[in-house]
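J.: Coordinates in input09.pdb, PDB, C-alpha atoms, are listed below.
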ATOM      1  CA  MET R   1     -90.803   6.746-131.064
ATOM      2  CA  ASP R   2     -93.933   4.574-130.747
ATOM      3  CA  PHE R   3     -95.910   5.362-127.595
ATOM      4  CA  SER R   4     -98.845   3.089-128.357
ATOM      5  CA  LYS R   5     -97.669   0.286-126.026
ATOM      6  CA  LEU R   6     -97.024   2.733-123.186
ATOM      7  CA  ASN R   7    -100.402   4.405-123.718
ATOM      8  CA  LYS R   8    -102.141   1.014-123.744
ATOM      9  CA  LYS R   9    -100.414  -0.039-120.511
ATOM     10  CA  ALA R  10    -101.339   3.245-118.783
ATOM     11  CA  SER R  11    -104.931   2.975-119.982
ATOM     12  CA  ASP R  12    -105.245  -0.621-118.786
ATOM     13  CA  SER R  13    -103.829   0.326-115.380
ATOM     14  CA  PHE R  14    -106.245   3.250-115.037
ATOM     15  CA  HIS R  15    -109.275   1.112-115.878
ATOM     16  CA  LYS R  16    -108.150  -1.656-113.524
ATOM     17  CA  GLN R  17    -107.754   0.803-110.630
ATOM     18  CA  ARG R  18    -111.087   2.472-111.455
ATOM     19  CA  ASN R  19    -112.830  -0.904-111.304
ATOM     20  CA  ILE R  20    -111.179  -1.681-107.953
ATOM     21  CA  LEU R  21    -112.462   1.631-106.564
ATOM     22  CA  LYS R  22    -115.976   1.039-107.889
ATOM     23  CA  LYS R  23    -116.172  -2.396-106.287
ATOM     24  CA  LEU R  24    -114.764  -1.230-102.944
ATOM     25  CA  ALA R  25    -117.190   1.714-102.903
ATOM     26  CA  GLN R  26    -120.034  -0.784-103.406
ATOM     27  CA  GLY R  27    -118.905  -2.643-100.289
ATOM     28  CA  LYS R  28    -117.452  -5.652-102.075
ATOM     29  CA  THR R  29    -114.427  -7.466-100.663
ATOM     30  CA  LEU R  30    -111.399  -7.539-102.949
ATOM     31  CA  LYS R  31    -108.054  -9.209-102.412
ATOM     32  CA  CYS R  32    -104.566  -8.037-103.331
ATOM     33  CA  GLU R  33    -103.179  -9.813-106.384
ATOM     34  CA  LYS R  34     -99.775 -10.326-104.753
ATOM     35  CA  CYS R  35    -100.444 -11.280-101.123
ATOM     36  CA  SER R  36    -104.193 -12.127-101.221
ATOM     37  CA  GLY R  37    -104.780  -9.737 -98.319
ATOM     38  CA  VAL R  38    -108.029  -7.796 -98.155
ATOM     39  CA  LEU R  39    -107.963  -4.360 -99.801
ATOM     40  CA  THR R  40    -109.329  -1.476 -97.764
ATOM     41  CA  LEU R  41    -110.591   1.922 -98.879
ATOM     42  CA  ASN R  42    -109.786   4.761 -96.470
ATOM     43  CA  LEU R  43    -111.226   8.190 -97.266
ATOM     44  CA  ALA R  44    -110.563   9.624 -93.781
ATOM     45  CA  THR R  45    -106.811  10.122 -94.068
ATOM     46  CA  THR R  46    -104.755  12.755 -92.276
ATOM     47  CA  GLU R  47    -104.176  14.601 -95.552
ATOM     48  CA  ALA R  48    -107.120  16.694 -96.707
ATOM     49  CA  GLY R  49    -108.411  15.722-100.136
ATOM     50  CA  LYS R  50    -106.590  12.371-100.163
ATOM     51  CA  GLY R  51    -107.792   8.805 -99.897
ATOM     52  CA  VAL R  52    -106.020   5.477-100.044
ATOM     53  CA  VAL R  53    -106.619   1.899-101.145
ATOM     54  CA  ARG R  54    -104.165  -0.613 -99.767
ATOM     55  CA  CYS R  55    -103.641  -4.082 -98.424
ATOM     56  CA  LYS R  56    -102.274  -4.721 -94.963
ATOM     57  CA  GLN R  57     -98.799  -5.635 -96.255
ATOM     58  CA  GLY R  58     -98.580  -2.636 -98.589
ATOM     59  CA  CYS R  59     -98.275  -4.538-101.883
ATOM     60  CA  THR R  60    -101.205  -2.531-103.245
ATOM     61  CA  ASP R  61    -101.072   1.157-102.446
ATOM     62  CA  ILE R  62    -103.276   3.484-104.520
ATOM     63  CA  ILE R  63    -103.364   7.163-103.524
ATOM     64  CA  LEU R  64    -106.557   8.976-104.436
ATOM     65  CA  GLU R  65    -107.020  12.688-104.988
ATOM     66  CA  LEU R  66    -110.540  13.571-103.909
ATOM     67  CA  GLY R  67    -112.336  16.555-105.408
ATOM     68  CA  THR R  68    -113.863  19.183-103.175
TER
END
In structure tokens, what does this structure look like?

T.:
Amino acid sequence: MDFSKLNKKASDSFHKQRNILKKLAQGKTLKCEKCSGVLTLNLATTEAGKGVVRCKQGCTDIILELGT
């Protein structure tokens, strides 16, 4: 079985999400690709060690695991 396409897709997704996080951490305003809503970065969630990036409608929803 050839996993190269799957590996490429996973790698592209990781790099895309990493770039979103970098830009949000720099204070830049980014919009959701689906609904064009503003993405927000929330590091003060109710779960310890977790953060979240999402748009108001929930199209984009990235859960972050924060190191201690």

J.: Measure the distance from CA of Cys59 (chain R) to CA of Leu39 (chain R) in Å and round it to one decimal.

T.: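 Interatomic distance, CA of Cys59 (chain R) to CA of Leu39 (chain R): 9.9 Å.
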
J.: Expand the PyMOL selection byres ((chain R and resi 23-33) around 12) into the explicit residue set it covers here, and present it as a ChimeraX atom specification.

T.: /R:16-22,34-43,52-62

J.: Report as JSON lines the residues of region 16-57 of chain R within 6 Å of region 63-68 of chain R, each with its shortest atom pair and distance in Å (one decimal), using all atoms listed in the file, ordered by chain and increasing residue number.

T.:
{"residue": "R:Gly49", "atom": "CA", "partner": "R:Leu66", "partner_atom": "CA", "distance": 4.8}
{"residue": "R:Lys50", "atom": "CA", "partner": "R:Glu65", "partner_atom": "CA", "distance": 4.9}
{"residue": "R:Gly51", "atom": "CA", "partner": "R:Leu64", "partner_atom": "CA", "distance": 4.7}
{"residue": "R:Val52", "atom": "CA", "partner": "R:Ile63", "partner_atom": "CA", "distance": 4.7}

J.: Rounded to one decimal, what separation in Å do you get between CA of His15 (chain R) and CA of Ala48 (chain R)?

T.: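 So the answer is 24.8 Å.
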